[in-house]
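Engineer: Input structure: protein.cif, which contains mmCIF, C-alpha atoms and all ligand atoms.
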```
data_data
#
loop_
_atom_site.label_atom_id
_atom_site.label_comp_id
_atom_site.auth_asym_id
_atom_site.auth_seq_id
_atom_site.Cartn_x
_atom_site.Cartn_y
_atom_site.Cartn_z
CA MET A 1 112.81 81.28 131.11
CA ASN A 2 115.18 79.87 128.54
CA PRO A 3 113.60 76.64 127.22
CA SER A 4 116.98 74.89 127.28
CA LEU A 5 116.86 75.08 131.06
CA TYR A 6 114.15 72.44 131.00
CA LEU A 7 116.53 69.83 129.65
CA GLY A 8 117.08 67.04 132.13
CA LEU A 9 114.25 68.14 134.41
CA GLN A 10 111.84 65.48 133.27
CA ASN A 11 110.10 64.74 136.54
CA SER A 12 110.49 68.04 138.27
CA ILE A 13 107.35 69.94 139.16
CA ALA A 14 109.20 72.58 141.09
CA LEU A 15 109.67 74.77 138.02
CA PRO A 16 106.95 76.47 135.96
CA LEU A 17 106.01 74.41 132.92
CA PRO A 18 105.40 75.69 129.41
CA GLN A 19 101.62 75.57 129.05
CA ARG A 20 101.41 75.24 125.29
CA LEU A 21 104.31 72.91 124.68
CA TYR A 22 102.44 70.56 122.35
CA SER A 23 99.50 72.66 121.29
CA ILE A 24 98.89 72.71 117.56
CA THR A 25 98.89 76.16 116.07
CA MET A 26 99.19 77.14 112.43
CA ASN A 27 99.33 80.53 110.82
CA LEU A 28 96.44 81.27 108.50
CA GLU A 29 96.39 84.44 106.42
CA ALA A 30 94.43 85.70 103.41
CA PHE A 31 96.36 87.90 100.97
CA ILE A 32 94.21 89.98 98.64
CA LEU A 33 95.92 89.80 95.24
CA GLY A 34 93.19 91.64 93.38
CA SER A 35 90.05 93.40 94.59
CA GLY A 36 88.39 94.67 91.40
CA GLY A 37 85.53 93.33 89.28
CA MET A 38 84.99 93.59 85.51
CA MET A 39 88.10 95.52 84.51
CA PRO A 40 91.39 96.38 86.19
CA LEU A 41 92.27 99.90 87.36
CA PRO A 42 95.81 101.27 87.82
CA ASN A 43 95.83 100.29 91.50
CA ARG A 44 93.27 97.54 91.45
CA HIS A 45 93.88 94.16 89.85
CA LEU A 46 91.06 91.71 89.25
CA THR A 47 89.63 89.39 91.88
CA SER A 48 92.03 86.93 93.49
CA VAL A 49 92.73 85.82 97.06
CA LEU A 50 95.68 83.73 98.20
CA LEU A 51 95.22 81.78 101.41
CA ARG A 52 98.41 80.74 103.19
CA ARG A 53 98.08 78.03 105.83
CA GLU A 54 101.50 77.59 107.39
CA GLY A 55 103.49 76.56 104.26
CA ASP A 56 100.54 75.64 102.04
CA LEU A 57 99.13 78.05 99.48
CA PHE A 58 95.62 78.03 98.02
CA LEU A 59 94.40 80.43 95.37
CA PHE A 60 90.77 81.52 95.05
CA ASP A 61 90.19 82.95 91.56
CA GLY A 62 92.97 84.46 89.48
CA GLY A 63 91.95 87.58 87.60
CA GLU A 64 94.28 89.74 85.54
CA GLY A 65 97.20 91.00 87.66
CA THR A 66 97.28 88.04 90.07
CA GLN A 67 100.91 87.27 89.22
CA VAL A 68 101.95 90.92 89.59
CA SER A 69 100.46 91.18 93.08
CA LEU A 70 101.96 87.87 94.11
CA ARG A 71 105.41 89.06 93.08
CA ARG A 72 104.98 92.47 94.69
CA LEU A 73 104.03 90.86 97.99
CA ASN A 74 107.39 89.13 97.85
CA LEU A 75 106.04 86.05 99.59
CA ARG A 76 108.58 83.33 100.02
CA TRP A 77 107.57 81.51 96.88
CA LYS A 78 106.97 77.83 97.25
CA LYS A 79 104.04 76.36 95.42
CA ILE A 80 100.29 76.64 95.20
CA SER A 81 98.62 73.36 96.17
CA ALA A 82 95.21 74.07 94.67
CA ILE A 83 93.38 76.76 92.72
CA PHE A 84 89.63 77.18 93.25
CA ILE A 85 87.74 79.01 90.50
CA SER A 86 84.32 80.58 91.02
CA HIS A 87 83.38 80.79 87.33
CA THR A 88 84.81 81.29 83.86
CA HIS A 89 84.24 85.02 83.40
CA ALA A 90 87.42 86.75 82.24
CA ASP A 91 87.81 88.90 85.36
CA HIS A 92 88.28 85.71 87.43
CA VAL A 93 90.51 83.54 85.26
CA THR A 94 92.75 85.54 82.91
CA GLY A 95 95.55 85.59 85.52
CA ILE A 96 95.66 81.78 85.73
CA PRO A 97 97.99 81.11 82.74
CA GLY A 98 100.62 83.42 84.29
CA ILE A 99 100.33 81.61 87.62
CA LEU A 100 100.77 78.23 85.91
CA MET A 101 103.93 79.45 84.18
CA LEU A 102 105.26 81.08 87.37
CA SER A 103 104.72 77.76 89.16
CA SER A 104 107.22 76.13 86.78
CA GLN A 105 109.96 78.24 88.36
CA VAL A 106 110.12 75.88 91.33
CA ASP A 107 110.57 72.13 91.41
CA ARG A 108 107.60 70.22 92.68
CA GLU A 109 106.53 66.64 92.93
CA ASP A 110 102.92 67.09 94.02
CA PRO A 111 100.35 67.86 91.36
CA LEU A 112 98.55 71.19 91.22
CA TYR A 113 94.79 70.81 91.60
CA ILE A 114 92.51 73.18 89.73
CA ILE A 115 88.89 73.00 90.81
CA GLY A 116 86.10 74.91 89.12
CA PRO A 117 82.90 74.84 87.07
CA PRO A 118 82.40 73.10 83.71
CA ARG A 119 84.73 74.24 80.90
CA ILE A 120 87.58 75.09 83.27
CA ALA A 121 89.47 72.05 81.92
CA GLU A 122 88.98 73.28 78.36
CA TYR A 123 90.23 76.75 79.32
CA ILE A 124 93.37 75.39 81.00
CA GLU A 125 94.07 72.89 78.21
CA THR A 126 93.57 75.45 75.41
CA SER A 127 95.75 78.04 77.15
CA ARG A 128 98.49 75.46 77.63
CA ARG A 129 98.37 74.36 74.01
CA VAL A 130 98.01 77.71 72.24
CA LEU A 131 100.51 79.53 74.47
CA ASP A 132 103.02 76.65 74.33
CA MET A 133 103.39 76.85 78.07
CA TYR A 134 106.35 75.16 79.72
CA ILE A 135 104.87 73.24 82.66
CA ASN A 136 107.16 70.96 84.69
CA TYR A 137 104.55 69.49 87.01
CA GLU A 138 101.26 67.64 86.84
CA ILE A 139 98.01 69.59 86.67
CA LEU A 140 94.84 67.81 87.81
CA VAL A 141 91.64 69.59 86.86
CA LYS A 142 88.41 68.73 88.59
CA GLU A 143 85.20 70.15 87.16
CA ILE A 144 82.28 70.43 89.56
CA ASN A 145 78.58 70.44 88.78
CA GLU A 146 77.18 70.54 92.28
CA GLY A 147 78.10 71.46 95.83
CA GLY A 148 80.10 69.25 98.18
CA ILE A 149 83.61 68.65 99.48
CA VAL A 150 86.07 69.22 96.62
CA TYR A 151 89.46 69.08 98.36
CA THR A 152 90.67 67.44 101.56
CA GLY A 153 93.86 68.08 103.53
CA ALA A 154 95.17 66.27 106.60
CA ASP A 155 93.11 68.41 108.97
CA PHE A 156 90.85 70.58 106.82
CA HIS A 157 88.56 70.45 103.81
CA VAL A 158 87.29 72.77 101.10
CA ARG A 159 83.62 72.75 100.21
CA ALA A 160 82.04 74.21 97.07
CA PHE A 161 78.45 75.41 96.85
CA PRO A 162 76.47 76.74 93.88
CA LEU A 163 75.84 80.47 93.47
CA GLN A 164 73.34 82.25 91.19
CA HIS A 165 75.11 84.14 88.40
CA THR A 166 74.81 84.45 84.60
CA LYS A 167 76.78 81.20 84.21
CA PRO A 168 77.65 78.30 86.55
CA CYS A 169 79.41 79.77 89.57
CA PHE A 170 80.57 78.39 92.94
CA GLY A 171 81.43 79.76 96.36
CA TYR A 172 84.01 78.01 98.57
CA THR A 173 84.70 77.50 102.26
CA LEU A 174 87.93 76.17 103.74
CA GLU A 175 87.25 74.72 107.17
CA GLU A 176 89.72 73.27 109.65
CA ASN A 177 88.90 70.23 111.78
CA PRO A 178 88.44 70.92 115.50
CA ARG A 179 91.73 70.93 117.43
CA PRO A 180 92.48 68.89 120.55
CA GLY A 181 92.09 70.73 123.83
CA GLU A 182 94.99 72.49 125.49
CA PHE A 183 97.55 70.15 127.03
CA HIS A 184 98.07 70.47 130.80
CA PRO A 185 101.59 69.23 131.67
CA GLU A 186 100.97 69.34 135.42
CA GLN A 187 98.05 66.93 135.04
CA ALA A 188 100.19 64.55 132.97
CA LEU A 189 102.86 64.61 135.67
CA ALA A 190 100.24 64.08 138.39
CA LYS A 191 99.04 60.98 136.49
CA GLY A 192 102.61 59.67 136.38
CA VAL A 193 103.46 60.44 132.74
CA PRO A 194 106.89 62.12 132.62
CA ARG A 195 107.88 64.62 129.94
CA GLY A 196 108.77 62.86 126.71
CA PRO A 197 107.21 61.36 123.60
CA ARG A 198 104.14 60.24 125.54
CA TRP A 199 103.14 63.88 126.06
CA ALA A 200 102.93 64.31 122.30
CA GLN A 201 100.93 61.07 122.04
CA LEU A 202 98.43 62.31 124.62
CA GLN A 203 98.15 65.62 122.77
CA ALA A 204 97.48 63.66 119.56
CA GLY A 205 94.56 61.89 121.27
CA LYS A 206 96.27 58.57 122.07
CA ILE A 207 96.04 56.55 125.30
CA VAL A 208 99.45 56.07 126.99
CA GLN A 209 100.83 54.09 129.91
CA ALA A 210 101.93 55.82 133.11
CA ALA A 211 105.11 54.84 134.99
CA ASP A 212 103.11 52.45 137.25
CA GLY A 213 101.46 50.74 134.26
CA THR A 214 98.03 52.39 134.53
CA LYS A 215 96.44 53.77 131.41
CA VAL A 216 96.09 57.51 131.00
CA HIS A 217 93.43 58.77 128.59
CA PRO A 218 93.98 62.00 126.64
CA GLU A 219 90.83 63.62 128.02
CA GLU A 220 92.35 63.39 131.51
CA VAL A 221 95.14 65.80 130.57
CA LEU A 222 93.56 67.91 127.81
CA GLY A 223 91.13 70.82 128.08
CA PRO A 224 87.91 70.96 126.03
CA ILE A 225 88.17 70.48 122.25
CA ARG A 226 88.86 73.77 120.44
CA SER A 227 87.29 74.89 117.20
CA GLY A 228 89.18 75.17 113.90
CA ARG A 229 88.93 78.22 111.64
CA LYS A 230 86.79 78.85 108.60
CA PHE A 231 87.45 81.00 105.52
CA SER A 232 84.78 81.72 102.90
CA PHE A 233 84.97 83.17 99.41
CA VAL A 234 81.81 84.24 97.57
CA THR A 235 81.66 86.41 94.48
CA ASP A 236 79.45 87.08 91.45
CA THR A 237 76.04 86.05 92.66
CA LEU A 238 72.59 87.21 93.59
CA PRO A 239 72.17 87.16 97.36
CA PHE A 240 70.13 84.22 98.69
CA TYR A 241 69.62 82.53 102.02
CA GLU A 242 71.65 79.35 101.44
CA ILE A 243 74.86 81.40 101.15
CA ALA A 244 74.48 82.35 104.83
CA GLN A 245 74.03 78.68 105.73
CA GLU A 246 77.19 77.72 103.87
CA VAL A 247 79.41 80.47 105.28
CA ALA A 248 77.92 80.33 108.81
CA GLY A 249 80.45 81.04 111.54
CA SER A 250 83.29 82.00 109.18
CA ASP A 251 86.23 83.75 110.79
CA LEU A 252 86.82 85.62 107.53
CA PHE A 253 84.11 85.96 104.90
CA VAL A 254 85.39 87.49 101.65
CA CYS A 255 82.32 88.52 99.67
CA GLU A 256 81.45 90.54 96.62
CA GLY A 257 80.29 94.06 97.40
CA MET A 258 80.10 95.29 93.85
CA PHE A 259 77.60 98.12 94.08
CA GLU A 260 76.15 100.68 96.44
CA ALA A 261 72.58 100.23 97.67
CA ASN A 262 70.93 102.59 95.17
CA LEU A 263 72.12 100.35 92.31
CA GLU A 264 70.44 97.26 93.74
CA GLU A 265 68.13 96.85 90.76
CA SER A 266 70.99 97.01 88.30
CA ALA A 267 72.95 94.54 90.50
CA ARG A 268 69.99 92.15 90.38
CA GLU A 269 69.76 92.38 86.57
CA LYS A 270 73.46 91.56 86.22
CA LYS A 271 73.21 88.85 88.91
CA HIS A 272 75.50 90.56 91.36
CA MET A 273 75.00 91.96 94.84
CA THR A 274 75.46 95.21 96.72
CA ALA A 275 77.80 95.77 99.67
CA GLU A 276 74.71 96.08 101.85
CA GLN A 277 73.45 92.66 100.76
CA ALA A 278 76.87 91.14 101.49
CA ALA A 279 76.58 92.62 105.01
CA GLN A 280 73.10 91.12 105.43
CA ILE A 281 74.51 87.69 104.62
CA ALA A 282 77.43 88.26 107.02
CA ALA A 283 75.00 89.22 109.80
CA ALA A 284 72.70 86.24 109.16
CA ALA A 285 75.69 83.88 109.03
CA GLN A 286 77.19 85.37 112.21
CA VAL A 287 80.64 85.55 110.68
CA LYS A 288 83.47 87.17 112.59
CA LYS A 289 84.72 89.50 109.85
CA LEU A 290 83.49 90.52 106.39
CA ALA A 291 85.95 91.70 103.72
CA LEU A 292 84.29 93.22 100.65
CA ILE A 293 85.80 92.50 97.23
CA HIS A 294 85.03 92.66 93.45
CA TYR A 295 84.21 96.37 93.29
CA SER A 296 82.67 97.90 90.20
CA PRO A 297 85.30 99.97 88.34
CA ARG A 298 82.90 102.93 88.63
CA TYR A 299 84.11 103.44 92.22
CA THR A 300 87.32 105.34 92.87
CA GLU A 301 89.31 104.51 95.98
CA TYR A 302 87.50 107.40 97.68
CA ASN A 303 84.02 106.23 96.58
CA LEU A 304 84.62 102.82 98.13
CA LYS A 305 84.01 104.47 101.50
CA GLN A 306 80.33 104.70 100.59
CA LEU A 307 80.17 100.92 100.08
CA LEU A 308 81.90 100.42 103.42
CA LYS A 309 79.52 102.79 105.19
CA GLU A 310 76.44 101.01 103.87
CA ALA A 311 77.80 97.59 104.81
CA GLN A 312 78.96 98.66 108.27
CA ALA A 313 75.50 100.03 109.08
CA ILE A 314 74.32 96.40 108.93
CA PHE A 315 77.47 94.47 109.86
CA PRO A 316 79.95 96.67 111.77
CA ASN A 317 82.94 94.36 111.45
CA THR A 318 83.22 94.96 107.68
CA LEU A 319 86.47 95.95 106.00
CA LEU A 320 87.39 96.89 102.45
CA SER A 321 89.73 94.55 100.61
CA ARG A 322 92.56 96.38 98.91
CA ASP A 323 95.19 94.90 96.67
CA ARG A 324 97.97 93.27 98.69
CA LEU A 325 96.19 93.74 102.02
CA VAL A 326 96.68 90.81 104.42
CA PHE A 327 94.00 89.50 106.75
CA PRO A 328 95.39 87.24 109.51
CA ILE A 329 92.81 84.66 110.62
CA GLU A 330 93.13 83.94 114.33
CA TYR A 331 91.93 81.04 116.43
CA LYS A 332 88.79 81.70 118.46
CA ASP A 333 89.91 79.64 121.47
ZN ZN B 1 83.31 89.14 88.10
ZN ZN B 2 80.90 87.01 86.60
#
```
Kindly transcribe the structure held in the file into structure tokens.
Ligand SMILES: [Zn+2]
Ligand SMILES: [Zn+2]
Structural biologist:
Amino acid sequence: MNPSLYLGLQNSIALPLPQRLYSITMNLEAFILGSGGMMPLPNRHLTSVLLRREGDLFLFDGGEGTQVSLRRLNLRWKKISAIFISHTHADHVTGIPGILMLSSQVDREDPLYIIGPPRIAEYIETSRRVLDMYINYEILVKEINEGGIVYTGADFHVRAFPLQHTKPCFGYTLEENPRPGEFHPEQALAKGVPRGPRWAQLQAGKIVQAADGTKVHPEEVLGPIRSGRKFSFVTDTLPFYEIAQEVAGSDLFVCEGMFEANLEESAREKKHMTAEQAAQIAAAAQVKKLALIHYSPRYTEYNLKQLLKEAQAIFPNTLLSRDRLVFPIEYKD
């Protein structure tokens, strides 16, 4: 039915009502800007993931080629709100100066937050100075030494947690707050609350007054509280149990799968993990989907199938990240 037909029918219950009129839904997608580790290949830029939540953009690492992928995706360019850096190895940060310069192409009033391990401020400041970068906005750098909440939005937060690599390194989770239950218009009408602003107030968790003066509580017209979504980003680390605790229940878990299983010893020496170990964490953490990333340049596109096979034997819902692949992150309920 055409929604305009509802105009002027405020108290009618004779017509079907739109069930999700005031429900809060936001698009959440992860764009893989680079999937490689160590060095770039012709079709594989270095590790970087852009998370888009409705209009807000968040970047997780920015290896070489980040800007190229971003432009090739042809996203409607607005602005990145925050950049989260795992560690200061070149394959994770050399794309950042380009992103900072690209960000000067649009006007912005809000600052850009850059969050990462010690020395990230020095890296940003030195790049700015030596490269004479033109930056028309404020950059706020926050160095972290331990795990905890590092960024808070209106209805979500980003948490950092320490990893075990050859230098200080952090993993990140972005987690949405739980959402209110589904709004039931017929119950609101039955309680004497006609269509109008009070429906939105009920949906927002506020108590309203019915036509006869009685109070109507939101739980009387809303279904059970629904969960938010969780995105996790973990790369360049030995595998260890606490990672599973941090990423538990993620809807999308982007994790390093640098080597195949027979190179486990070499992975351990370099403080990295295999695709199989990433899958073990995904299984222990009961995530919904695992996307492998940060592949060793030794693997051709064809060889990556071996990494996928080994991971899927342990965690079937594993996928390979590829440059410019998009993973939509859906609500569970
Ligand atoms: Zn790396
Ligand atoms: Zn590294």
Engineer: Within 9 Å of Glu146 of chain A, counting all atoms listed in the file, which residues show up once you throw out same-chain ones fewer than 3 positions away? Write them as a ChimeraX atom specification, please.
Structural biologist: /A:117,160-162,170
Engineer: Excluding Phe327 of chain A and its own-chain neighbours fewer than 5 positions away, which residues fall within 7 Å of it when counting only C-alpha atoms? Please give them as a PyMOL selection string.
Structural biologist: chain A and resi 29-31
Engineer: Between A:Gln306, A:Thr47, A:Ser321, A:Gln164, single out the one closest to ligand ZN 1 (chain B), counting all atoms listed in the file.
Structural biologist: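 Looking at the shortest contact to ligand ZN 1 (chain B), the residue is A:Thr47.
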Engineer: Within 8 Å of ligand ZN 1 (chain B), which residues show up when you count only C-alpha atoms and all ligand atoms? List them as a list in words, please.
Structural biologist: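 The residues near ligand ZN 1 (chain B) are Gly37, Met38, Thr47, His89, Ala90, Asp91, His92, Thr235, Asp236 and His294 of chain A.
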Engineer: Find the residues near ligand ZN 2 (chain B). Use a cut-off of 12 Å, count only C-alpha atoms and all ligand atoms, and write them as a PyMOL selection string.
Structural biologist: chain A and resi 36-39+46-47+61+63+85-93+163-170+234-238+256+258+267+270-273+294-296
Engineer: As an exercise, work out the distance from atom CA of Tyr134 of chain A to atom CA of Ile80 of chain A in Å and give it to one decimal place.
Structural biologist: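 It comes out at 16.7 Å.
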Engineer: Residues near Val247 of chain A, anyone? I mean within 9 Å using all atoms listed in the file, not counting same-chain ones fewer than 2 positions away, as a list in words.
Structural biologist: Tyr172, Thr173, Lys230, Phe231, Ser232, Phe233, Val234, Glu242, Ile243, Ala244, Gln245, Gly249, Ser250, Phe253, Ile281, Ala282, Ala285, Gln286 and Val287 of chain A
Engineer: Compile the contact shell of segment 151-158 of chain A as a list in words: residues with an atom at most 6 Å away, counting only C-alpha atoms, same-chain residues fewer than 6 positions apart removed.
Structural biologist: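 Neighbouring residues, sequence-local ones excluded: Thr173, Leu174, Glu175, Glu176 and Asn177 of chain A.
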Engineer: Using all atoms listed in the file, which residues sit within 12 Å of Glu122 of chain A once same-chain residues fewer than 6 positions away are excluded, as a VMD selection string?
Structural biologist: chain A and resid 88 114 116 128 to 130 141 to 143
Engineer: When you count only C-alpha atoms, which of these residues is closest to Thr94 of chain A: A:Tyr113, A:Tyr299, A:Tyr123, A:Phe315?
Structural biologist: A:Tyr123
Engineer: Check the smallest atom-to-atom distance from each of A:Ala283, A:Ile293, A:Ile329, A:Ile124 to Ala313 of chain A using all atoms listed in the file, then report the winner.
Structural biologist: A:Ala283
Engineer: At what distance in Å, to one decimal, does atom CA of Arg159 of chain A lie from atom CA of Gln312 of chain A?
Structural biologist: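 Between atom CA of Gln312 of chain A and atom CA of Arg159 of chain A the gap is 27.5 Å.
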